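Chemist: Provided below: start.cif, containing mmCIF, C-alpha atoms and all ligand atoms.
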```
data_entry
#
loop_
_atom_site.label_atom_id
_atom_site.label_comp_id
_atom_site.auth_asym_id
_atom_site.auth_seq_id
_atom_site.Cartn_x
_atom_site.Cartn_y
_atom_site.Cartn_z
CA MET A 583 -8.89 -26.88 9.39
CA THR A 584 -7.83 -30.54 9.28
CA GLY A 585 -8.54 -32.25 5.99
CA ASP A 586 -7.94 -28.97 4.13
CA SER A 587 -5.72 -29.93 1.22
CA GLU A 588 -4.64 -26.32 0.69
CA ASP A 589 -1.29 -25.79 2.41
CA PRO A 590 -1.56 -22.37 4.11
CA ASN A 591 2.19 -21.92 3.80
CA ALA A 592 2.31 -22.72 0.10
CA GLN A 593 4.31 -20.25 -1.97
CA PRO A 594 3.21 -18.93 -5.37
CA ALA A 595 4.21 -21.20 -8.25
CA GLY A 596 7.83 -20.88 -9.28
CA ASP A 597 8.90 -19.47 -5.92
CA GLU A 598 11.33 -22.18 -4.84
CA PRO A 599 13.64 -21.66 -1.88
CA ALA A 600 16.13 -18.92 -2.63
CA ALA A 601 19.17 -21.05 -1.88
CA GLY A 602 22.12 -20.58 -4.20
CA LEU A 603 21.01 -17.19 -5.50
CA THR A 604 23.10 -14.05 -5.30
CA ASP A 605 21.67 -11.05 -3.41
CA ASP A 606 20.87 -9.42 -6.72
CA GLN A 607 19.10 -12.51 -8.11
CA ARG A 608 17.15 -13.00 -4.92
CA ARG A 609 15.99 -9.37 -4.84
CA THR A 610 15.09 -9.35 -8.53
CA LYS A 611 13.10 -12.51 -7.94
CA LEU A 612 11.32 -10.81 -5.04
CA LEU A 613 10.43 -7.90 -7.34
CA LYS A 614 8.97 -10.38 -9.82
CA THR A 615 6.92 -11.99 -7.06
CA VAL A 616 5.58 -8.56 -6.01
CA ALA A 617 4.72 -7.83 -9.66
CA ALA A 618 2.97 -11.21 -9.95
CA LEU A 619 0.92 -10.36 -6.86
CA GLY A 620 -0.47 -7.31 -8.65
CA GLY A 621 2.35 -4.82 -8.06
CA THR A 622 1.54 -4.14 -4.42
CA VAL A 623 1.88 -6.12 -1.22
CA THR A 624 -0.20 -5.14 1.79
CA PRO A 625 0.52 -6.49 5.27
CA ARG A 626 -2.08 -8.72 6.88
CA ARG A 627 -2.56 -9.42 10.58
CA ASP A 628 -0.64 -12.47 11.75
CA PRO A 629 -0.01 -12.82 15.49
CA MET A 630 2.92 -15.17 14.98
CA ALA A 631 4.76 -12.99 12.44
CA LYS A 632 7.27 -10.28 13.30
CA HIS A 633 5.42 -7.23 14.66
CA GLY A 634 2.18 -9.16 14.15
CA HIS A 635 2.02 -8.69 10.39
CA ALA A 636 3.06 -10.67 7.34
CA PHE A 637 2.65 -10.52 3.58
CA SER A 638 0.47 -13.06 1.82
CA GLY A 639 2.38 -14.78 -0.95
CA LEU A 640 5.83 -13.74 0.27
CA GLU A 641 8.30 -15.90 2.13
CA GLU A 642 9.21 -15.13 5.71
CA GLY A 643 12.32 -13.13 6.46
CA ILE A 644 12.16 -10.94 3.36
CA GLU A 645 11.81 -7.67 5.33
CA ALA A 646 15.48 -6.82 4.85
CA ASP A 647 15.24 -7.31 1.10
CA LEU A 648 12.01 -5.31 0.90
CA SER A 649 13.55 -2.36 2.71
CA PHE A 650 16.69 -2.67 0.60
CA LEU A 651 14.53 -2.44 -2.53
CA ALA A 652 12.61 0.49 -1.07
CA ARG A 653 15.85 2.35 -0.29
CA GLY A 654 16.93 1.80 -3.88
CA ASP A 655 13.57 3.12 -5.14
CA TYR A 656 12.52 -0.20 -6.68
CA LEU A 657 9.60 -0.30 -4.29
CA ASP A 658 7.54 2.50 -2.86
CA GLU A 659 6.67 2.31 0.82
CA ARG A 660 2.99 2.51 1.81
CA PHE A 661 2.17 3.15 5.45
CA PHE A 662 -0.20 0.51 6.84
CA ASP A 663 -0.30 0.65 10.64
CA ARG A 664 1.69 1.21 13.81
CA VAL A 665 2.40 -1.58 16.29
CA THR A 666 3.34 -1.18 19.94
CA ILE A 667 6.42 -3.23 20.76
CA CYS A 668 8.66 -4.10 23.69
CA THR A 669 11.58 -1.69 24.03
CA ARG A 670 13.87 -4.53 25.06
CA CYS A 671 13.10 -7.47 22.75
CA ASP A 672 10.96 -5.95 19.94
CA SER A 673 8.08 -8.36 20.64
CA HIS A 674 4.52 -7.18 19.99
CA HIS A 675 3.16 -9.69 22.50
CA LEU A 676 2.46 -7.24 25.29
CA ASN A 677 -0.01 -7.33 28.14
CA ILE A 678 -1.12 -3.75 28.62
CA ARG A 679 -3.37 -2.97 31.57
CA GLU A 680 -4.13 -0.59 34.39
CA VAL A 681 -2.31 -1.16 37.68
CA CYS A 682 -2.72 -0.04 41.28
CA PRO A 683 -0.89 3.30 41.68
CA ALA A 684 0.22 2.37 45.20
CA CYS A 685 1.59 -1.16 44.84
CA GLY A 686 1.55 -1.90 41.07
CA SER A 687 -0.78 -4.89 41.51
CA THR A 688 -3.35 -5.82 38.90
CA HIS A 689 -5.44 -7.66 41.47
CA TYR A 690 -8.25 -5.18 41.98
CA THR A 691 -11.99 -4.87 41.55
CA GLU A 692 -13.71 -2.28 39.43
CA GLU A 693 -16.87 -0.76 40.82
CA PRO A 694 -19.24 2.01 39.83
CA LEU A 695 -19.27 5.06 42.12
CA LEU A 696 -22.55 6.41 43.46
CA HIS A 697 -23.24 9.98 44.54
CA HIS A 698 -26.03 10.54 47.08
CA PHE A 699 -27.53 13.99 46.34
CA ARG A 700 -29.17 14.52 49.75
CA CYS A 701 -25.96 14.34 51.81
CA GLY A 702 -23.30 14.61 49.08
CA PHE A 703 -21.70 11.27 49.95
CA VAL A 704 -19.74 9.56 47.15
CA GLY A 705 -18.80 5.92 47.52
CA ARG A 706 -18.39 2.57 45.80
CA ILE A 707 -21.63 0.75 45.04
CA THR A 708 -20.82 -2.02 47.57
CA GLU A 709 -20.62 0.57 50.35
CA PHE A 710 -24.36 1.19 49.82
CA ASP A 711 -25.19 -2.50 50.35
CA PRO A 712 -26.64 -2.98 53.86
CA GLY A 713 -25.84 -6.67 53.66
CA ASP A 714 -29.38 -7.81 54.38
CA GLY A 715 -29.81 -9.55 51.06
CA THR A 716 -32.68 -7.28 50.02
CA GLY A 717 -30.70 -5.50 47.30
CA ARG A 718 -31.70 -2.13 48.76
CA ARG A 719 -29.16 0.69 48.67
CA ILE A 720 -28.69 2.52 51.90
CA CYS A 721 -26.40 5.54 52.17
CA PRO A 722 -23.68 4.67 54.74
CA LYS A 723 -23.37 8.35 55.72
CA CYS A 724 -26.99 9.41 56.26
CA THR A 725 -28.68 5.97 56.28
CA VAL A 726 -31.40 7.10 53.86
CA GLN A 727 -32.40 4.62 51.13
CA LEU A 728 -31.46 5.47 47.56
CA LYS A 729 -34.39 4.86 45.24
CA TYR A 730 -34.40 6.79 42.01
CA LEU A 731 -31.38 7.13 39.77
CA GLY A 732 -31.12 10.74 38.61
CA THR A 733 -33.43 12.01 41.40
CA ASP A 734 -31.88 10.50 44.55
CA TYR A 735 -28.45 9.63 43.33
CA ASP A 736 -26.21 9.48 40.32
CA ARG A 737 -23.51 7.21 38.93
CA LEU A 738 -20.04 8.82 38.73
CA GLY A 739 -17.94 6.56 36.55
CA LYS A 740 -16.05 3.75 38.20
CA THR A 741 -13.41 3.26 40.81
CA TYR A 742 -10.88 0.55 41.57
CA LEU A 743 -10.20 -1.14 44.86
CA CYS A 744 -6.86 -2.90 45.12
CA ILE A 745 -7.32 -6.29 46.76
CA ASP A 746 -3.61 -6.55 47.59
CA CYS A 747 -3.12 -3.22 49.39
CA GLY A 748 -6.64 -1.86 49.90
CA THR A 749 -6.02 1.40 48.00
CA SER A 750 -9.05 2.86 46.29
CA PHE A 751 -8.21 4.78 43.12
CA GLN A 752 -9.83 6.20 40.03
CA ASP A 753 -7.05 7.11 37.60
CA ALA A 754 -4.98 3.97 37.20
CA PRO A 755 -1.58 4.14 35.51
CA VAL A 756 -1.27 1.96 32.41
CA ARG A 757 1.64 -0.49 32.47
CA SER A 758 2.84 -3.10 30.05
CA VAL A 759 4.49 -6.44 30.64
CA CYS A 760 6.16 -8.17 27.71
CA LEU A 761 4.94 -11.75 27.29
CA SER A 762 8.22 -12.66 25.58
CA CYS A 763 10.87 -11.22 27.93
CA GLU A 764 8.84 -10.03 30.95
CA THR A 765 10.13 -6.47 30.71
CA GLU A 766 7.74 -4.06 32.39
CA ALA A 767 7.26 -0.51 31.24
CA ASP A 768 4.90 2.44 31.50
CA ALA A 769 2.61 2.43 28.48
CA ASP A 770 3.90 5.93 27.65
CA ASP A 771 7.45 4.59 27.37
CA LEU A 772 6.69 1.78 24.91
CA ALA A 773 8.20 1.84 21.47
CA THR A 774 6.22 1.58 18.25
CA ALA A 775 7.13 0.20 14.86
CA GLU A 776 5.59 1.17 11.56
CA VAL A 777 4.08 -1.59 9.46
CA ILE A 778 4.72 -0.88 5.81
CA GLY A 779 3.30 -2.19 2.57
CA TYR A 780 5.08 -1.89 -0.76
CA ALA A 781 4.22 -1.01 -4.33
CA ILE A 782 6.48 -1.58 -7.28
CA THR A 783 7.92 1.57 -8.91
CA SER A 784 8.79 2.25 -12.53
CA LEU A 785 12.40 1.48 -11.61
CA GLY A 786 11.28 -1.84 -10.12
CA THR A 787 9.46 -2.67 -13.35
CA ALA A 788 12.55 -1.72 -15.34
CA ALA A 789 14.70 -4.00 -13.17
CA ILE A 790 12.34 -6.92 -13.85
CA ARG A 791 12.55 -6.24 -17.61
CA ARG A 792 16.35 -6.27 -17.58
CA GLY A 793 16.46 -9.21 -15.13
CA SER A 794 18.70 -7.52 -12.56
CA LEU A 795 18.86 -4.52 -10.30
CA PHE A 796 20.57 -1.32 -11.37
CA GLU A 797 23.30 -1.88 -8.88
CA GLY A 798 26.34 0.03 -7.90
CA ASP A 799 27.54 3.57 -8.36
CA SER A 800 27.38 3.39 -12.11
CA GLU A 801 23.61 3.77 -12.20
CA VAL A 802 22.29 5.16 -8.95
CA LEU A 803 23.69 8.08 -7.04
CA TYR A 804 22.65 8.86 -3.53
CA ILE A 805 22.37 12.55 -2.88
CA ALA A 806 21.30 13.49 0.64
CA GLY A 807 20.02 9.94 1.12
CA ALA A 808 17.72 9.98 -1.92
CA ALA A 809 18.19 7.91 -5.04
CA VAL A 810 19.12 10.01 -8.05
CA TYR A 811 19.57 8.11 -11.29
CA ARG A 812 22.51 8.61 -13.56
CA PRO A 813 21.81 9.78 -17.10
CA ALA A 814 21.78 6.40 -18.90
CA ILE A 815 19.26 4.81 -16.57
CA MET A 816 17.20 8.00 -16.34
CA PHE A 817 16.87 8.15 -20.13
CA GLU A 818 15.96 4.47 -20.20
CA LEU A 819 13.26 5.02 -17.58
CA LEU A 820 11.86 8.03 -19.43
CA GLU A 821 11.73 6.14 -22.71
CA TYR A 822 9.88 3.33 -21.05
CA GLU A 823 7.42 5.77 -19.45
CA ALA A 824 6.85 7.46 -22.83
CA LYS A 825 6.02 4.13 -24.48
CA ARG A 826 3.76 3.19 -21.62
CA ILE A 827 1.66 6.38 -21.74
CA GLN A 828 1.33 6.03 -25.49
CA ARG A 829 -0.23 2.65 -24.97
CA PHE A 830 -2.55 3.90 -22.22
CA LYS A 831 -3.18 7.37 -23.73
CA GLY A 832 -1.76 9.03 -20.65
CA THR A 833 0.65 11.84 -20.05
CA PHE A 834 3.50 12.75 -17.74
CA SER A 835 5.49 15.85 -17.01
CA LEU A 836 9.14 16.54 -16.49
CA MET A 837 10.73 19.29 -14.48
CA MET A 838 14.26 20.30 -15.35
CA VAL A 839 16.35 21.93 -12.67
CA GLU A 840 19.74 23.45 -13.33
CA ALA A 841 21.81 24.78 -10.46
CA LYS A 842 24.37 27.53 -11.13
CA GLY A 843 26.82 29.19 -8.80
CA GLN A 844 26.34 32.89 -8.18
CA GLU A 845 28.33 35.01 -10.66
CA GLY A 846 30.17 32.10 -12.15
CA ALA A 847 31.23 30.58 -8.83
CA ALA A 848 31.17 26.80 -8.41
CA VAL A 849 28.02 25.14 -7.10
CA PRO A 850 28.67 24.12 -3.46
CA GLU A 851 28.03 20.41 -2.93
CA ASP A 852 25.90 20.87 0.18
CA ALA A 853 23.76 23.50 -1.55
CA GLU A 854 23.04 21.02 -4.32
CA ALA A 855 22.25 18.26 -1.81
CA ASN A 856 19.83 20.58 0.03
CA MET A 857 18.23 21.47 -3.27
CA ILE A 858 17.68 17.76 -4.06
CA THR A 859 16.18 17.21 -0.61
CA ARG A 860 13.74 20.11 -1.14
CA LEU A 861 12.91 18.82 -4.60
CA ARG A 862 12.16 15.36 -3.17
CA GLU A 863 9.86 16.91 -0.58
CA ARG A 864 7.85 18.56 -3.34
CA LEU A 865 7.46 15.29 -5.27
CA ARG A 866 5.37 12.19 -4.68
CA GLY A 867 6.94 8.83 -3.86
CA THR A 868 6.28 7.59 -7.38
CA ASP A 869 8.16 10.51 -8.97
CA ILE A 870 11.75 9.81 -9.86
CA VAL A 871 14.74 12.12 -10.02
CA GLY A 872 17.70 11.71 -12.31
CA LYS A 873 20.88 13.55 -12.98
CA VAL A 874 21.23 14.56 -16.63
CA SER A 875 24.62 16.22 -16.43
CA GLU A 876 26.66 18.15 -13.90
CA HIS A 877 24.23 20.29 -11.88
CA VAL A 878 21.32 19.46 -14.18
CA PHE A 879 18.53 17.30 -12.77
CA ILE A 880 15.26 16.03 -14.11
CA ALA A 881 12.19 15.00 -12.14
CA CYS A 882 9.67 12.70 -13.80
CA MET A 883 6.08 13.06 -12.61
CA PRO A 884 3.91 10.22 -13.97
CA GLN A 885 0.23 10.94 -14.66
CA THR A 886 0.75 14.66 -14.20
CA ALA A 887 -0.34 17.25 -16.76
CA ILE A 888 1.68 20.42 -17.20
CA ALA A 889 -0.63 22.54 -15.01
CA GLY A 890 0.04 20.27 -12.02
CA ALA A 891 3.75 20.17 -12.78
CA GLU A 892 3.86 23.97 -12.99
CA ILE A 893 2.38 24.25 -9.49
CA VAL A 894 5.13 21.95 -8.18
CA ARG A 895 7.77 23.93 -10.10
CA SER A 896 6.67 27.38 -8.93
CA ARG A 897 6.46 26.32 -5.28
CA PHE A 898 9.86 24.66 -5.50
CA ALA A 899 11.40 27.71 -7.20
CA GLU A 900 9.79 30.15 -4.72
CA GLU A 901 11.22 28.51 -1.61
CA GLN A 902 14.79 28.57 -2.89
CA ALA A 903 16.60 30.31 -0.03
CA ASP A 904 20.25 29.37 -0.55
CA ARG A 905 21.84 32.51 -1.98
CA ARG A 906 24.94 30.63 -3.14
CA ILE A 907 23.10 29.04 -6.05
CA MET A 908 20.63 30.12 -8.69
CA LEU A 909 18.11 27.66 -10.08
CA GLU A 910 16.73 27.54 -13.57
CA THR A 911 13.54 25.49 -13.65
CA THR A 912 11.28 24.52 -16.53
CA VAL A 913 8.44 22.05 -16.96
CA VAL A 914 7.39 20.15 -20.04
CA GLU A 915 4.54 17.72 -20.66
CA ILE A 916 5.25 14.50 -22.53
CA ALA A 917 2.38 12.89 -24.43
CA GLY A 918 4.35 10.26 -26.28
CA PRO A 919 7.72 9.00 -27.51
CA ASP A 920 8.10 11.80 -30.11
CA ASP A 921 7.82 14.53 -27.49
CA LEU A 922 10.42 12.75 -25.40
CA ALA A 923 12.78 12.09 -28.32
CA GLN A 924 12.83 15.81 -29.17
CA LEU A 925 13.44 16.77 -25.57
CA LEU A 926 16.21 14.24 -25.04
CA THR A 927 17.94 15.36 -28.25
CA ARG A 928 17.92 18.93 -26.95
CA ILE A 929 19.18 17.85 -23.52
CA ARG A 930 21.94 15.70 -24.98
CA ALA A 931 23.05 18.49 -27.31
CA ALA A 932 23.11 21.00 -24.46
CA THR A 933 25.02 18.75 -22.09
CA ARG A 934 27.50 17.75 -24.77
CA SER A 935 28.36 21.35 -25.62
CA LYS A 936 28.72 22.05 -21.94
CA SER A 937 31.15 19.21 -21.27
CA ILE A 938 33.29 20.19 -24.28
CA GLY A 939 33.52 23.78 -23.10
CA LYS A 940 34.56 22.69 -19.66
ZN ZN B 1 10.20 -8.02 25.51
ZN ZN B 2 -2.35 -1.92 45.55
ZN ZN B 3 -26.50 10.05 52.10
#
```
What's the structure tokens form of this structure?
Ligand SMILES: [Zn+2]
Ligand SMILES: [Zn+2]
Ligand SMILES: [Zn+2]
Modeler:
Amino acid sequence: MTGDSEDPNAQPAGDEPAAGLTDDQRRTKLLKTVAALGGTVTPRRDPMAKHGHAFSGLEEGIEADLSFLARGDYLDERFFDRVTICTRCDSHHLNIREVCPACGSTHYTEEPLLHHFRCGFVGRITEFDPGDGTGRRICPKCTVQLKYLGTDYDRLGKTYLCIDCGTSFQDAPVRSVCLSCETEADADDLATAEVIGYAITSLGTAAIRRGSLFEGDSEVLYIAGAAVYRPAIMFELLEYEAKRIQRFKGTFSLMMVEAKGQEGAAVPEDAEANMITRLRERLRGTDIVGKVSEHVFIACMPQTAIAGAEIVRSRFAEEQADRRIMLETTVVEIAGPDDLAQLLTRIRAATRSKSIGK
């Protein structure tokens, strides 16, 4: 590789060291880099990188920022692979091999086993060597020569002979030794780490447009660990999605969910959190959930026609088991900005009258 003018560690143009940037600026910049790389980043094998994988075009040490952005729904996680790692030091540089069950040594020979049909003797192939240099195979039990594989004798897998302790064994335990910290472990006890790729979400694209993340409690709520957008940002995201599908002649569907307490009772907070968790389970990673007003939520399903949305809605409504709340669910398909404008006017009117009557 000498004489190659291409620096393998070169960063994409405009990606100077992130010194002097705030967390927000650095993460927004990372989003832009992901967008410039085509909107997705897929791990590639790299033995020297953490867990043996790295991202082409991204700086090292950005894992924390990537997972921060994924938690905030700016990026969508995409499973790539699983890596076996040391339980003590996290290294993926492991030597995994079979060991002698008696003494733990790896100093052994592997030999095929032969089975002599005539007398039933089973032994290692070297036991059938008479040592006369002729290459003949003589059964050590009955002293008859073995001639024809399949007629006289058969091969029965392989066996190990430990050179250190002399134990002969067939099922060898699998042990690992870490090349970084020398910790030994049974292969069954090793830890694994998921290797994740990322794809930019509609929220990530919106953050790039505005030049900063939607930070803080004012825009994103976390209900039961899932990002739920507050009304202003949700409406902004929906308007963007409506313009986008108009350009690409697509469609998307919305599901409205309103939770009400039984017989006028208040909606218990945990019941609402459970409902959001169930809703999230029904949706894809690219779908986003926003809060429109108290106890009213909206789920946006990109590239979904109303028939598909109705399937999601009916399944979600059917499995409602918490008797403390009632759910009202509806779906609507949006084919362009006009559809959305009408819907948002209705929603805003409804929520306004509700907050006045409160
Ligand atoms: Zn280790
Ligand atoms: Zn041994
Ligand atoms: Zn024999």
Chemist: With the cut-off set at 9 Å and counting only C-alpha atoms, tabulate each residue of range 847-895 of chain A with an atom at most that distance from an atom of range 640-664 of chain A, showing the nearest atom pair and its distance in Å to one decimal, ordered by chain and increasing number, as CSV.
Modeler:
```
residue,atom,partner,partner_atom,distance
A:Gly867,CA,A:Asp658,CA,6.4
A:Thr868,CA,A:Asp658,CA,6.9
A:Ile870,CA,A:Asp655,CA,8.4
```
Chemist: Restrict the calculation to all atoms listed in the file, then for each residue of chain A with any atom at most 6 Å from an atom of ligand ZN 2 (chain B) give the closest atom pair and their distance in Å to one decimal, rows by chain and rising residue number, as CSV.
Modeler:
```
residue,atom,partner,partner_atom,distance
A:Cys682,CA,B:ZN2,ZN,4.7
A:Ala684,CA,B:ZN2,ZN,5.0
A:Cys685,CA,B:ZN2,ZN,4.1
A:Gly686,CA,B:ZN2,ZN,5.9
A:Ser687,CA,B:ZN2,ZN,5.3
A:Cys744,CA,B:ZN2,ZN,4.6
A:Asp746,CA,B:ZN2,ZN,5.2
A:Cys747,CA,B:ZN2,ZN,4.1
A:Thr749,CA,B:ZN2,ZN,5.5
```
Chemist: Which one is closest to ligand ZN 1 (chain B): A:Glu851, A:Asp606, A:Glu764, A:Glu910? Count only C-alpha atoms and all ligand atoms.
Modeler: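 Residue with the minimum atom-to-atom distance to ligand ZN 1 (chain B): A:Glu764.
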Chemist: Write out as an mmCIF file with C-alpha atoms, in the frame of the given file the residues lying within 6 Å of range 813-828 of chain A, counting all atoms listed in the file and excluding same-chain residues fewer than 2 positions away.
Modeler:
```
data_model
loop_
_atom_site.group_PDB
_atom_site.id
_atom_site.type_symbol
_atom_site.label_atom_id
_atom_site.label_comp_id
_atom_site.auth_asym_id
_atom_site.auth_seq_id
_atom_site.Cartn_x
_atom_site.Cartn_y
_atom_site.Cartn_z
ATOM 1 C CA TYR A 811 19.570 8.110 -11.290
ATOM 2 C CA PHE A 830 -2.550 3.900 -22.220
ATOM 3 C CA LYS A 831 -3.180 7.370 -23.730
ATOM 4 C CA GLY A 832 -1.760 9.030 -20.650
ATOM 5 C CA THR A 833 0.650 11.840 -20.050
ATOM 6 C CA GLY A 872 17.700 11.710 -12.310
ATOM 7 C CA LYS A 873 20.880 13.550 -12.980
ATOM 8 C CA VAL A 874 21.230 14.560 -16.630
ATOM 9 C CA GLY A 918 4.350 10.260 -26.280
ATOM 10 C CA PRO A 919 7.720 9.000 -27.510
#
```
Chemist: Each residue of chain A with at least one atom at most 7 Å from ligand ZN 3 (chain B) should appear once, together with its nearest atom pair and the corresponding distance in Å (one decimal); atoms considered: all atoms listed in the file; ordering: chain, then increasing residue number; output as CSV.
Modeler:
```
residue,atom,partner,partner_atom,distance
A:His698,CA,B:ZN3,ZN,5.1
A:Arg700,CA,B:ZN3,ZN,5.7
A:Cys701,CA,B:ZN3,ZN,4.3
A:Gly702,CA,B:ZN3,ZN,6.3
A:Phe703,CA,B:ZN3,ZN,5.4
A:Cys721,CA,B:ZN3,ZN,4.5
A:Pro722,CA,B:ZN3,ZN,6.6
A:Lys723,CA,B:ZN3,ZN,5.1
A:Cys724,CA,B:ZN3,ZN,4.2
A:Thr725,CA,B:ZN3,ZN,6.2
A:Val726,CA,B:ZN3,ZN,6.0
```
Chemist: Find the residues near ligand ZN 1 (chain B). Use a cut-off of 7 Å, count all atoms listed in the file, and write them as a PDB file with C-alpha atoms, keeping the file's coordinate frame.
Modeler:
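Here's the written file selection-v7.pdb:
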```pdb
ATOM      1  CA  CYS A 668       8.660  -4.100  23.690  1.00  0.00           C
ATOM      2  CA  THR A 669      11.580  -1.690  24.030  1.00  0.00           C
ATOM      3  CA  ARG A 670      13.870  -4.530  25.060  1.00  0.00           C
ATOM      4  CA  CYS A 671      13.100  -7.470  22.750  1.00  0.00           C
ATOM      5  CA  ASP A 672      10.960  -5.950  19.940  1.00  0.00           C
ATOM      6  CA  SER A 673       8.080  -8.360  20.640  1.00  0.00           C
ATOM      7  CA  CYS A 760       6.160  -8.170  27.710  1.00  0.00           C
ATOM      8  CA  LEU A 761       4.940 -11.750  27.290  1.00  0.00           C
ATOM      9  CA  SER A 762       8.220 -12.660  25.580  1.00  0.00           C
ATOM     10  CA  CYS A 763      10.870 -11.220  27.930  1.00  0.00           C
ATOM     11  CA  GLU A 764       8.840 -10.030  30.950  1.00  0.00           C
ATOM     12  CA  THR A 765      10.130  -6.470  30.710  1.00  0.00           C
TER      13      THR A 765
END
```
Chemist: Counting all atoms listed in the file, which residue out of A:Ala903, A:Leu909, A:Val894, A:Ile745 sits closest to Val849 in chain A?
Modeler: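 Smallest separation from Val849 in chain A among the options: A:Leu909.
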Chemist: Please measure the separation of CA of Gly705 in chain A and CA of His689 in chain A, giving the value in Å to one decimal.
Modeler: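 It comes out at 20.0 Å.
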Chemist: Starting from the point (21.9, 15.6, -17.8), work out which residues of protein, DNA or RNA have an atom no more than 12 Å away when counting only C-alpha atoms; state them as an NGL selection string.
Modeler: :A and (810-817 or 838-841 or 871-881 or 925-937)
Chemist: Just the number, please: distance in Å from CA of Leu836 in chain A to CA of Gly890 in chain A, one decimal.
Modeler: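 So the two atoms, CA of Leu836 in chain A and CA of Gly890 in chain A, lie 10.8 Å apart.
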Chemist: Quick check, in Å to one decimal: how far apart do CA of Ile678 in chain A and CA of Ala769 in chain A lie?
Modeler: 7.2 Å
Chemist: Given all atoms listed in the file as the basis, pick out the residue of A:Val623, A:Ala754, A:Val704, A:Ala631 nearest to Val681 in chain A.
Modeler: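 Nearest to Val681 in chain A: A:Ala754.
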